[in-house]
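Worksheet: the structure to be examined is printed underneath.
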Amino acid sequence: MTDDLLLYEVVDRVGVITLNRAAKANAQTPQMLDDLDALFMAAAADRNVRVIVLQANGKHFSAGHDISGSTEQARSAQAAATASDEFPSDYSVSGLEGIYEWETKRYIGYARKWRDIRKPTIAAVQGQCIAGGLLLCWPCDLIIAADNAKFSDPVVRMGIGGVEYHGHTWEVGARKAKEWLFTAKTFTADEAERYGMVNRVVPVDELRSATMELAHQIAQMHPFALAQAKRAVNQTQDVQGFYAALQSVFDIHQTGHGNSLVVNGYPILVDLDQMKQSLKS
Ligand code: ZN
């Protein structure tokens, strides 16, 4: 486990997971995601932990998925079948099938799994939370935002209709979701609170204390009652179609990757410049 990129401690029945890759704005490598999943599952299974907090060291919560280098690798090797940092050995099929498998496990799969953990989870977000960063905070039950937090999903600029986990419509409503996606705009913390995406906004230097205070308050409650309350809300959303919508929009997302395969001829990433040119012509 790359415990230098992730930290974990239990503070009075609150399990605190900290993203610790501040130098890279907490961009998520594949290994980080696997380790983060392991930490979430360990905290979920630990009966001494009643609430899980996800926070981040440094200026920014997360710049999203770390895709640096993967375009080059993909281009040079046509290389989905090649094991490497970007393509670990379980990524063994090429083309859209490989992307679909990869993202099913690490993006929508993990996010959905964390959303369904049977205890309350709280994300504490400061600075930038971009694209894949949303896949870390959205699955949490509560989001506390620092007053400098900024939320964006600029994936439309890459020729894809949004990140893999379509929280947008559920988080801010259909009309704001469309504006958000169509313009690739950034929501401020205050806007996010107004639209109902975050629970509260606090001064950045009070983010951790406010989050822990709330976590400890919740940790006083009966754990089974908390699990039931969480399930009641999640189940209501699922009955409204959340779960089915997530899966079908994930498949829509894959047609964006399919398009990049057709346009660019290599599998994992859209080349932004090339995509801009091809969209113009
Ligand atoms: Zn994707």
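Quick note on naming: the chains in the structure tokens go A, B, ... in the order shown, residues restart at 1 in each chain, and ligands are numbered from 1 in order of appearance.
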
inquiry  = Counting only C-alpha atoms and all ligand atoms, what are the residues, protein, DNA or RNA alike, that approach ligand 1 to within 7 Å? I want them as a list of chain:residue names.
reply    =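 Listed by chain and ascending number, the contacts are A:Glu103, A:Val163, A:Glu164, A:His253, A:Gln254, A:His257.
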
For the selection just defined, write its residues with N, CA and C atoms to a file, as a CSV table (one decimal), in the first residue's frame.
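Just written: part02.csv:
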```csv
chain,number,residue,atom,x,y,z
A,103,GLU,N,-12.8,1.3,-16.3
A,103,GLU,CA,-13.6,2.3,-15.6
A,103,GLU,C,-14.8,1.7,-14.8
A,163,VAL,N,-18.0,13.2,-16.5
A,163,VAL,CA,-17.3,12.1,-15.9
A,163,VAL,C,-18.1,10.8,-15.8
A,164,GLU,N,-17.4,9.8,-15.4
A,164,GLU,CA,-18.0,8.4,-15.5
A,164,GLU,C,-19.2,8.2,-14.6
A,253,HIS,N,-21.2,7.6,-21.4
A,253,HIS,CA,-19.9,8.1,-21.3
A,253,HIS,C,-18.9,7.2,-22.2
A,254,GLN,N,-19.2,5.9,-22.2
A,254,GLN,CA,-18.3,5.1,-23.0
A,254,GLN,C,-18.4,5.4,-24.5
A,257,HIS,N,-15.7,7.7,-25.2
A,257,HIS,CA,-14.4,7.0,-25.4
A,257,HIS,C,-14.3,6.3,-26.8
```

key: Spatial neighbours of Ile52 (chain A), max dist 10 Å, only C-alpha atoms, sep filter under 3 positions, as a list in words   = Val10, Arg13, Val14, Gly15, Val16, Ile17, Phe40, Ala43, Ala44, Val49, Gln55, Ile117, Lys119, Pro120, Thr121, Ile122, Ala123, Cys140, Asp141, Met212, Ala215 and Ala219 of chain A

Taking C-alpha atoms for each residue, export the selection above as a PDB file, in the first residue's frame.
```pdb
ATOM      1  CA  VAL A  10      -8.992   6.646  13.782  1.00  0.00           C
ATOM      2  CA  ARG A  13     -14.582   6.532  16.461  1.00  0.00           C
ATOM      3  CA  VAL A  14     -14.047   8.593  13.325  1.00  0.00           C
ATOM      4  CA  GLY A  15     -11.925   7.006  10.598  1.00  0.00           C
ATOM      5  CA  VAL A  16     -10.042   9.742   8.787  1.00  0.00           C
ATOM      6  CA  ILE A  17      -8.667   9.035   5.317  1.00  0.00           C
ATOM      7  CA  PHE A  40     -12.679   2.623   2.768  1.00  0.00           C
ATOM      8  CA  ALA A  43     -12.966   1.532   7.825  1.00  0.00           C
ATOM      9  CA  ALA A  44     -16.343   0.152   6.806  1.00  0.00           C
ATOM     10  CA  VAL A  49     -15.321   3.337  13.343  1.00  0.00           C
ATOM     11  CA  GLN A  55     -10.057  14.843   3.454  1.00  0.00           C
ATOM     12  CA  ILE A 117     -20.898   1.848   2.722  1.00  0.00           C
ATOM     13  CA  LYS A 119     -21.994   4.057   7.790  1.00  0.00           C
ATOM     14  CA  PRO A 120     -21.953   7.817   7.305  1.00  0.00           C
ATOM     15  CA  THR A 121     -19.166   9.321   5.229  1.00  0.00           C
ATOM     16  CA  ILE A 122     -18.166  12.993   5.052  1.00  0.00           C
ATOM     17  CA  ALA A 123     -15.942  14.654   2.457  1.00  0.00           C
ATOM     18  CA  CYS A 140     -19.860  10.613   0.453  1.00  0.00           C
ATOM     19  CA  ASP A 141     -23.080  11.280   2.363  1.00  0.00           C
ATOM     20  CA  MET A 212     -14.497  16.604  12.718  1.00  0.00           C
ATOM     21  CA  ALA A 215     -18.323  13.649  12.444  1.00  0.00           C
ATOM     22  CA  ALA A 219     -20.652   9.233  15.870  1.00  0.00           C
TER      23      ALA A 219
END
```

message = DSSP on the backbone: which residues in region 5-226 of chain A end up as strand (DSSP E or B)? Give the answer as an NGL selection string.
response = :A and (6-11 or 14-19 or 28 or 51-56 or 62 or 65 or 121-125 or 128-130 or 142-146 or 150-152 or 186-188 or 200-202)

N, CA and C atoms of the current selection, written as a compact mmCIF listing (two decimals), in the first residue's frame:
```txt
# COMPACT_ATOMS: atom_id res chain seq x y z
N LEU A 6 -1.61 8.11 0.81
CA LEU A 6 -2.85 8.10 1.58
C LEU A 6 -2.50 7.91 3.05
N LEU A 7 -3.18 8.63 3.91
CA LEU A 7 -2.96 8.47 5.34
C LEU A 7 -4.27 8.01 5.97
N TYR A 8 -4.15 7.30 7.09
CA TYR A 8 -5.37 6.86 7.76
C TYR A 8 -5.15 6.84 9.27
N GLU A 9 -6.11 7.36 9.99
CA GLU A 9 -6.07 7.24 11.45
C GLU A 9 -7.51 7.22 11.95
N VAL A 10 -7.68 6.64 13.14
CA VAL A 10 -8.99 6.65 13.78
C VAL A 10 -8.93 7.61 14.96
N VAL A 11 -9.81 8.62 14.93
CA VAL A 11 -9.84 9.64 15.98
C VAL A 11 -11.19 9.54 16.68
N VAL A 14 -13.97 8.04 14.68
CA VAL A 14 -14.05 8.59 13.33
C VAL A 14 -12.81 8.15 12.54
N GLY A 15 -13.03 7.42 11.47
CA GLY A 15 -11.93 7.01 10.60
C GLY A 15 -11.63 8.12 9.61
N VAL A 16 -10.40 8.59 9.63
CA VAL A 16 -10.04 9.74 8.79
C VAL A 16 -9.06 9.29 7.71
N ILE A 17 -9.52 9.35 6.47
CA ILE A 17 -8.67 9.04 5.32
C ILE A 17 -8.21 10.36 4.72
N THR A 18 -6.90 10.47 4.49
CA THR A 18 -6.36 11.73 3.95
C THR A 18 -5.62 11.47 2.64
N LEU A 19 -6.05 12.15 1.59
CA LEU A 19 -5.29 12.14 0.35
C LEU A 19 -4.02 12.93 0.61
N GLN A 28 -5.33 11.38 -8.83
CA GLN A 28 -5.48 9.99 -8.41
C GLN A 28 -4.82 9.02 -9.39
N VAL A 51 -18.03 6.73 11.78
CA VAL A 51 -18.14 7.73 10.71
C VAL A 51 -16.80 7.75 9.98
N ILE A 52 -16.86 7.92 8.66
CA ILE A 52 -15.62 7.99 7.87
C ILE A 52 -15.51 9.38 7.25
N VAL A 53 -14.36 10.00 7.44
CA VAL A 53 -14.08 11.31 6.84
C VAL A 53 -13.05 11.12 5.74
N LEU A 54 -13.31 11.77 4.60
CA LEU A 54 -12.32 11.81 3.52
C LEU A 54 -11.87 13.25 3.36
N GLN A 55 -10.60 13.49 3.58
CA GLN A 55 -10.06 14.84 3.45
C GLN A 55 -8.79 14.79 2.61
N ALA A 56 -8.24 15.96 2.33
CA ALA A 56 -7.08 16.02 1.45
C ALA A 56 -6.07 17.02 1.97
N SER A 62 -8.76 17.51 -5.08
CA SER A 62 -8.24 16.57 -6.08
C SER A 62 -8.41 17.13 -7.48
N HIS A 65 -8.47 12.28 -12.04
CA HIS A 65 -7.66 11.10 -12.34
C HIS A 65 -6.32 11.53 -12.92
N THR A 121 -20.45 8.86 5.75
CA THR A 121 -19.17 9.32 5.23
C THR A 121 -19.27 10.83 4.97
N ILE A 122 -18.19 11.54 5.24
CA ILE A 122 -18.17 12.99 5.05
C ILE A 122 -16.91 13.36 4.26
N ALA A 123 -17.09 14.14 3.20
CA ALA A 123 -15.94 14.65 2.46
C ALA A 123 -15.70 16.10 2.88
N ALA A 124 -14.44 16.45 3.07
CA ALA A 124 -14.04 17.83 3.36
C ALA A 124 -13.24 18.34 2.16
N VAL A 125 -13.80 19.33 1.47
CA VAL A 125 -13.24 19.74 0.18
C VAL A 125 -12.73 21.18 0.24
N GLN A 128 -9.44 23.15 -5.56
CA GLN A 128 -10.05 22.58 -6.77
C GLN A 128 -10.52 21.14 -6.54
N CYS A 129 -11.69 20.87 -7.06
CA CYS A 129 -12.22 19.51 -7.13
C CYS A 129 -12.68 19.33 -8.57
N ILE A 130 -11.85 18.66 -9.35
CA ILE A 130 -12.04 18.63 -10.80
C ILE A 130 -12.37 17.21 -11.27
N LEU A 142 -22.17 13.36 3.14
CA LEU A 142 -22.17 14.79 3.40
C LEU A 142 -20.91 15.39 2.79
N ILE A 143 -21.03 16.65 2.36
CA ILE A 143 -19.85 17.35 1.86
C ILE A 143 -19.76 18.69 2.58
N ILE A 144 -18.62 18.90 3.23
CA ILE A 144 -18.33 20.21 3.82
C ILE A 144 -17.32 20.87 2.88
N ALA A 145 -17.64 22.07 2.46
CA ALA A 145 -16.77 22.77 1.52
C ALA A 145 -16.10 23.94 2.20
N ALA A 146 -14.81 24.10 1.94
CA ALA A 146 -14.13 25.34 2.34
C ALA A 146 -14.62 26.46 1.43
N LYS A 150 -13.80 24.84 -5.31
CA LYS A 150 -14.32 25.03 -6.67
C LYS A 150 -14.56 23.65 -7.30
N PHE A 151 -15.73 23.48 -7.86
CA PHE A 151 -16.12 22.18 -8.42
C PHE A 151 -16.31 22.31 -9.93
N SER A 152 -15.68 21.42 -10.67
CA SER A 152 -15.84 21.48 -12.13
C SER A 152 -15.74 20.10 -12.76
N THR A 186 -17.10 26.32 -13.63
CA THR A 186 -16.74 25.96 -12.27
C THR A 186 -17.77 26.51 -11.30
N PHE A 187 -18.27 25.65 -10.42
CA PHE A 187 -19.15 26.11 -9.35
C PHE A 187 -18.32 26.51 -8.14
N THR A 188 -18.63 27.66 -7.57
CA THR A 188 -17.98 28.03 -6.31
C THR A 188 -18.63 27.24 -5.18
N ARG A 200 -22.58 22.50 3.82
CA ARG A 200 -22.28 23.81 4.37
C ARG A 200 -20.92 24.28 3.89
N VAL A 201 -20.73 25.59 3.97
CA VAL A 201 -19.46 26.20 3.57
C VAL A 201 -18.84 26.83 4.81
N VAL A 202 -17.56 26.57 5.01
CA VAL A 202 -16.88 27.11 6.18
C VAL A 202 -15.57 27.77 5.73
```

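Among A:Thr104, A:Asn20, A:Ser248, A:Thr169, the residue with the shortest atom-to-atom distance to Phe61 (chain A), counting only C-alpha atoms, is A:Asn20.
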
query = Got a sec: who's within 12 Å of Ala177 (chain A), counting only C-alpha atoms, leaving out chain neighbours fewer than 6 positions off, as a PyMOL selection string?
reply = chain A and resi 152-153+161-162+166-171+183-187+192+195+197

Would you mind exporting the chosen residues as a PDB file, in the first residue's frame, restricted to N, CA, C and O atoms?
```
ATOM      1  N   SER A 152     -15.679  21.415 -10.668  1.00  0.00           N
ATOM      2  CA  SER A 152     -15.837  21.480 -12.128  1.00  0.00           C
ATOM      3  C   SER A 152     -15.741  20.097 -12.759  1.00  0.00           C
ATOM      4  O   SER A 152     -15.081  19.206 -12.234  1.00  0.00           O
ATOM      5  N   ASP A 153     -16.433  19.958 -13.883  1.00  0.00           N
ATOM      6  CA  ASP A 153     -16.301  18.762 -14.713  1.00  0.00           C
ATOM      7  C   ASP A 153     -16.095  19.217 -16.153  1.00  0.00           C
ATOM      8  O   ASP A 153     -17.059  19.406 -16.893  1.00  0.00           O
ATOM      9  N   GLY A 161     -19.258  13.448 -22.605  1.00  0.00           N
ATOM     10  CA  GLY A 161     -20.350  14.198 -21.995  1.00  0.00           C
ATOM     11  C   GLY A 161     -20.340  14.311 -20.484  1.00  0.00           C
ATOM     12  O   GLY A 161     -21.389  14.547 -19.878  1.00  0.00           O
ATOM     13  N   GLY A 162     -19.192  14.169 -19.849  1.00  0.00           N
ATOM     14  CA  GLY A 162     -19.109  14.273 -18.392  1.00  0.00           C
ATOM     15  C   GLY A 162     -18.375  13.089 -17.805  1.00  0.00           C
ATOM     16  O   GLY A 162     -18.111  12.104 -18.499  1.00  0.00           O
ATOM     17  N   HIS A 166     -22.382   9.762 -13.125  1.00  0.00           N
ATOM     18  CA  HIS A 166     -23.238  10.925 -13.406  1.00  0.00           C
ATOM     19  C   HIS A 166     -24.008  11.340 -12.153  1.00  0.00           C
ATOM     20  O   HIS A 166     -25.191  11.051 -11.994  1.00  0.00           O
ATOM     21  N   GLY A 167     -23.289  12.065 -11.276  1.00  0.00           N
ATOM     22  CA  GLY A 167     -23.950  12.631 -10.112  1.00  0.00           C
ATOM     23  C   GLY A 167     -24.631  13.954 -10.416  1.00  0.00           C
ATOM     24  O   GLY A 167     -25.524  14.383  -9.697  1.00  0.00           O
ATOM     25  N   HIS A 168     -24.194  14.599 -11.513  1.00  0.00           N
ATOM     26  CA  HIS A 168     -24.574  15.991 -11.786  1.00  0.00           C
ATOM     27  C   HIS A 168     -26.061  16.278 -11.585  1.00  0.00           C
ATOM     28  O   HIS A 168     -26.440  17.188 -10.845  1.00  0.00           O
ATOM     29  N   THR A 169     -26.891  15.521 -12.303  1.00  0.00           N
ATOM     30  CA  THR A 169     -28.329  15.808 -12.279  1.00  0.00           C
ATOM     31  C   THR A 169     -28.900  15.648 -10.886  1.00  0.00           C
ATOM     32  O   THR A 169     -29.751  16.424 -10.448  1.00  0.00           O
ATOM     33  N   TRP A 170     -28.395  14.649 -10.168  1.00  0.00           N
ATOM     34  CA  TRP A 170     -28.886  14.382  -8.812  1.00  0.00           C
ATOM     35  C   TRP A 170     -28.391  15.421  -7.822  1.00  0.00           C
ATOM     36  O   TRP A 170     -29.065  15.753  -6.851  1.00  0.00           O
ATOM     37  N   GLU A 171     -27.208  15.926  -8.071  1.00  0.00           N
ATOM     38  CA  GLU A 171     -26.574  16.831  -7.113  1.00  0.00           C
ATOM     39  C   GLU A 171     -27.085  18.269  -7.230  1.00  0.00           C
ATOM     40  O   GLU A 171     -27.221  18.964  -6.231  1.00  0.00           O
ATOM     41  N   THR A 183     -21.087  24.221 -20.433  1.00  0.00           N
ATOM     42  CA  THR A 183     -20.102  25.302 -20.427  1.00  0.00           C
ATOM     43  C   THR A 183     -18.805  24.914 -19.753  1.00  0.00           C
ATOM     44  O   THR A 183     -17.856  25.691 -19.745  1.00  0.00           O
ATOM     45  N   ALA A 184     -18.743  23.717 -19.181  1.00  0.00           N
ATOM     46  CA  ALA A 184     -17.560  23.274 -18.423  1.00  0.00           C
ATOM     47  C   ALA A 184     -17.205  24.278 -17.338  1.00  0.00           C
ATOM     48  O   ALA A 184     -16.038  24.470 -17.004  1.00  0.00           O
ATOM     49  N   LYS A 185     -18.214  24.948 -16.799  1.00  0.00           N
ATOM     50  CA  LYS A 185     -17.959  25.999 -15.823  1.00  0.00           C
ATOM     51  C   LYS A 185     -17.581  25.429 -14.456  1.00  0.00           C
ATOM     52  O   LYS A 185     -17.714  24.228 -14.202  1.00  0.00           O
ATOM     53  N   THR A 186     -17.104  26.323 -13.634  1.00  0.00           N
ATOM     54  CA  THR A 186     -16.736  25.958 -12.269  1.00  0.00           C
ATOM     55  C   THR A 186     -17.769  26.510 -11.303  1.00  0.00           C
ATOM     56  O   THR A 186     -18.133  27.680 -11.379  1.00  0.00           O
ATOM     57  N   PHE A 187     -18.268  25.655 -10.416  1.00  0.00           N
ATOM     58  CA  PHE A 187     -19.150  26.115  -9.349  1.00  0.00           C
ATOM     59  C   PHE A 187     -18.317  26.510  -8.139  1.00  0.00           C
ATOM     60  O   PHE A 187     -17.412  25.778  -7.729  1.00  0.00           O
ATOM     61  N   ALA A 192     -22.435  25.819  -4.967  1.00  0.00           N
ATOM     62  CA  ALA A 192     -22.671  24.401  -4.683  1.00  0.00           C
ATOM     63  C   ALA A 192     -23.592  24.232  -3.480  1.00  0.00           C
ATOM     64  O   ALA A 192     -24.450  23.344  -3.452  1.00  0.00           O
ATOM     65  N   TYR A 195     -27.213  25.115  -4.556  1.00  0.00           N
ATOM     66  CA  TYR A 195     -27.867  24.092  -5.367  1.00  0.00           C
ATOM     67  C   TYR A 195     -28.082  22.797  -4.591  1.00  0.00           C
ATOM     68  O   TYR A 195     -28.683  21.855  -5.095  1.00  0.00           O
ATOM     69  N   MET A 197     -25.598  20.820  -3.344  1.00  0.00           N
ATOM     70  CA  MET A 197     -24.557  19.803  -3.534  1.00  0.00           C
ATOM     71  C   MET A 197     -23.648  19.669  -2.326  1.00  0.00           C
ATOM     72  O   MET A 197     -23.054  18.608  -2.111  1.00  0.00           O
TER      73      MET A 197
END
```

key: Nearest to Ile160 (chain A), chosen from A:Ser260, A:Asn57, A:Asp35, A:His222, with only C-alpha atoms counted in the distances   = A:Ser260

message = Please compute the CA of Glu206 (chain A)-CA of Asp147 (chain A) distance, one decimal, in Å.
response =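 Interatomic distance here is 9.7 Å.
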
query = Taking into account only C-alpha atoms, which residue in the set A:Val156, A:Leu134, A:Ala149, A:Ile99 is nearest to Leu261 (chain A)?
reply = A:Ile99

Among region 10-184 of chain A, which residues carry a DSSP assignment of helix (DSSP H, G or I), reported as a PDB file with C-alpha atoms, in the first residue's frame?
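result_35.pdb, freshly written:
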```pdb
ATOM      1  CA  ALA A  22      -0.428  17.510  -2.414  1.00  0.00           C
ATOM      2  CA  ALA A  23       2.447  18.118  -4.829  1.00  0.00           C
ATOM      3  CA  LYS A  24       0.243  16.743  -7.612  1.00  0.00           C
ATOM      4  CA  PRO A  30      -4.637   3.794 -10.291  1.00  0.00           C
ATOM      5  CA  GLN A  31      -2.711   2.518  -7.269  1.00  0.00           C
ATOM      6  CA  MET A  32      -4.070   5.342  -5.122  1.00  0.00           C
ATOM      7  CA  LEU A  33      -7.601   4.396  -6.098  1.00  0.00           C
ATOM      8  CA  ASP A  34      -7.021   0.744  -5.250  1.00  0.00           C
ATOM      9  CA  ASP A  35      -5.490   1.714  -1.911  1.00  0.00           C
ATOM     10  CA  LEU A  36      -8.263   4.192  -1.213  1.00  0.00           C
ATOM     11  CA  ASP A  37     -10.810   1.457  -1.817  1.00  0.00           C
ATOM     12  CA  ALA A  38      -8.939  -0.815   0.595  1.00  0.00           C
ATOM     13  CA  LEU A  39      -8.978   1.927   3.253  1.00  0.00           C
ATOM     14  CA  PHE A  40     -12.679   2.623   2.768  1.00  0.00           C
ATOM     15  CA  MET A  41     -13.441  -1.078   3.080  1.00  0.00           C
ATOM     16  CA  ALA A  42     -11.249  -1.438   6.172  1.00  0.00           C
ATOM     17  CA  ALA A  43     -12.966   1.532   7.825  1.00  0.00           C
ATOM     18  CA  ALA A  44     -16.343   0.152   6.806  1.00  0.00           C
ATOM     19  CA  ALA A  45     -15.545  -3.189   8.427  1.00  0.00           C
ATOM     20  CA  SER A  70      -1.165   7.530 -20.466  1.00  0.00           C
ATOM     21  CA  THR A  71      -1.820   9.212 -23.803  1.00  0.00           C
ATOM     22  CA  GLU A  72       1.798   8.756 -24.811  1.00  0.00           C
ATOM     23  CA  GLN A  73       1.812   5.196 -23.651  1.00  0.00           C
ATOM     24  CA  ALA A  74      -1.381   4.405 -25.402  1.00  0.00           C
ATOM     25  CA  ARG A  75      -0.206   6.017 -28.592  1.00  0.00           C
ATOM     26  CA  SER A  76       3.213   4.426 -28.654  1.00  0.00           C
ATOM     27  CA  ALA A  77       2.118   0.938 -27.814  1.00  0.00           C
ATOM     28  CA  GLY A  95      -9.824  -0.898 -27.204  1.00  0.00           C
ATOM     29  CA  LEU A  96     -13.151   0.167 -25.807  1.00  0.00           C
ATOM     30  CA  GLU A  97     -13.514  -3.144 -24.008  1.00  0.00           C
ATOM     31  CA  GLY A  98     -10.402  -2.345 -21.989  1.00  0.00           C
ATOM     32  CA  ILE A  99     -11.578   1.149 -21.135  1.00  0.00           C
ATOM     33  CA  TYR A 100     -14.989  -0.179 -20.197  1.00  0.00           C
ATOM     34  CA  GLU A 101     -13.529  -2.802 -17.860  1.00  0.00           C
ATOM     35  CA  TRP A 102     -11.047  -0.382 -16.314  1.00  0.00           C
ATOM     36  CA  GLU A 103     -13.612   2.304 -15.615  1.00  0.00           C
ATOM     37  CA  THR A 104     -16.254  -0.139 -14.482  1.00  0.00           C
ATOM     38  CA  LYS A 105     -13.941  -1.264 -11.716  1.00  0.00           C
ATOM     39  CA  ARG A 106     -12.011   1.830 -10.719  1.00  0.00           C
ATOM     40  CA  TYR A 107     -14.288   4.721 -11.495  1.00  0.00           C
ATOM     41  CA  ILE A 108     -17.994   3.964 -11.343  1.00  0.00           C
ATOM     42  CA  GLY A 109     -17.396   0.722  -9.438  1.00  0.00           C
ATOM     43  CA  TYR A 110     -15.460   2.204  -6.566  1.00  0.00           C
ATOM     44  CA  ALA A 111     -17.672   5.316  -6.390  1.00  0.00           C
ATOM     45  CA  ARG A 112     -20.809   3.203  -6.161  1.00  0.00           C
ATOM     46  CA  LYS A 113     -19.253   0.909  -3.594  1.00  0.00           C
ATOM     47  CA  TRP A 114     -18.226   3.834  -1.370  1.00  0.00           C
ATOM     48  CA  ARG A 115     -21.664   5.411  -1.729  1.00  0.00           C
ATOM     49  CA  ALA A 131     -13.727  15.830 -12.774  1.00  0.00           C
ATOM     50  CA  GLY A 132     -12.516  12.612 -11.103  1.00  0.00           C
ATOM     51  CA  GLY A 133     -12.335  14.610  -7.866  1.00  0.00           C
ATOM     52  CA  LEU A 134     -16.126  14.617  -7.929  1.00  0.00           C
ATOM     53  CA  LEU A 135     -16.027  10.812  -7.877  1.00  0.00           C
ATOM     54  CA  LEU A 136     -14.424  11.063  -4.448  1.00  0.00           C
ATOM     55  CA  CYS A 137     -16.725  13.591  -2.773  1.00  0.00           C
ATOM     56  CA  PRO A 154     -14.551  19.952 -17.887  1.00  0.00           C
ATOM     57  CA  VAL A 155     -14.658  16.511 -19.522  1.00  0.00           C
ATOM     58  CA  VAL A 156     -16.970  17.877 -22.242  1.00  0.00           C
ATOM     59  CA  ARG A 157     -13.889  19.686 -23.548  1.00  0.00           C
ATOM     60  CA  MET A 158     -12.420  16.231 -24.177  1.00  0.00           C
ATOM     61  CA  HIS A 168     -24.574  15.991 -11.786  1.00  0.00           C
ATOM     62  CA  THR A 169     -28.329  15.808 -12.279  1.00  0.00           C
ATOM     63  CA  TRP A 170     -28.886  14.382  -8.812  1.00  0.00           C
ATOM     64  CA  GLU A 171     -26.574  16.831  -7.113  1.00  0.00           C
ATOM     65  CA  VAL A 172     -27.668  20.160  -8.621  1.00  0.00           C
ATOM     66  CA  ALA A 174     -31.346  19.042 -14.331  1.00  0.00           C
ATOM     67  CA  ARG A 175     -31.128  22.661 -15.470  1.00  0.00           C
ATOM     68  CA  LYS A 176     -27.986  23.569 -13.540  1.00  0.00           C
ATOM     69  CA  ALA A 177     -26.449  20.227 -14.487  1.00  0.00           C
ATOM     70  CA  LYS A 178     -26.889  21.046 -18.162  1.00  0.00           C
ATOM     71  CA  GLU A 179     -25.377  24.506 -17.781  1.00  0.00           C
ATOM     72  CA  TRP A 180     -22.521  23.003 -15.782  1.00  0.00           C
ATOM     73  CA  LEU A 181     -21.768  20.408 -18.424  1.00  0.00           C
ATOM     74  CA  PHE A 182     -22.447  22.503 -21.533  1.00  0.00           C
ATOM     75  CA  THR A 183     -20.102  25.302 -20.427  1.00  0.00           C
TER      76      THR A 183
END
```

query = Which residue, A:Arg118, A:Gly64, A:Asp46, A:Asp12, has the smallest gap to Ala225 (chain A) when you use only C-alpha atoms?
reply = A:Arg118
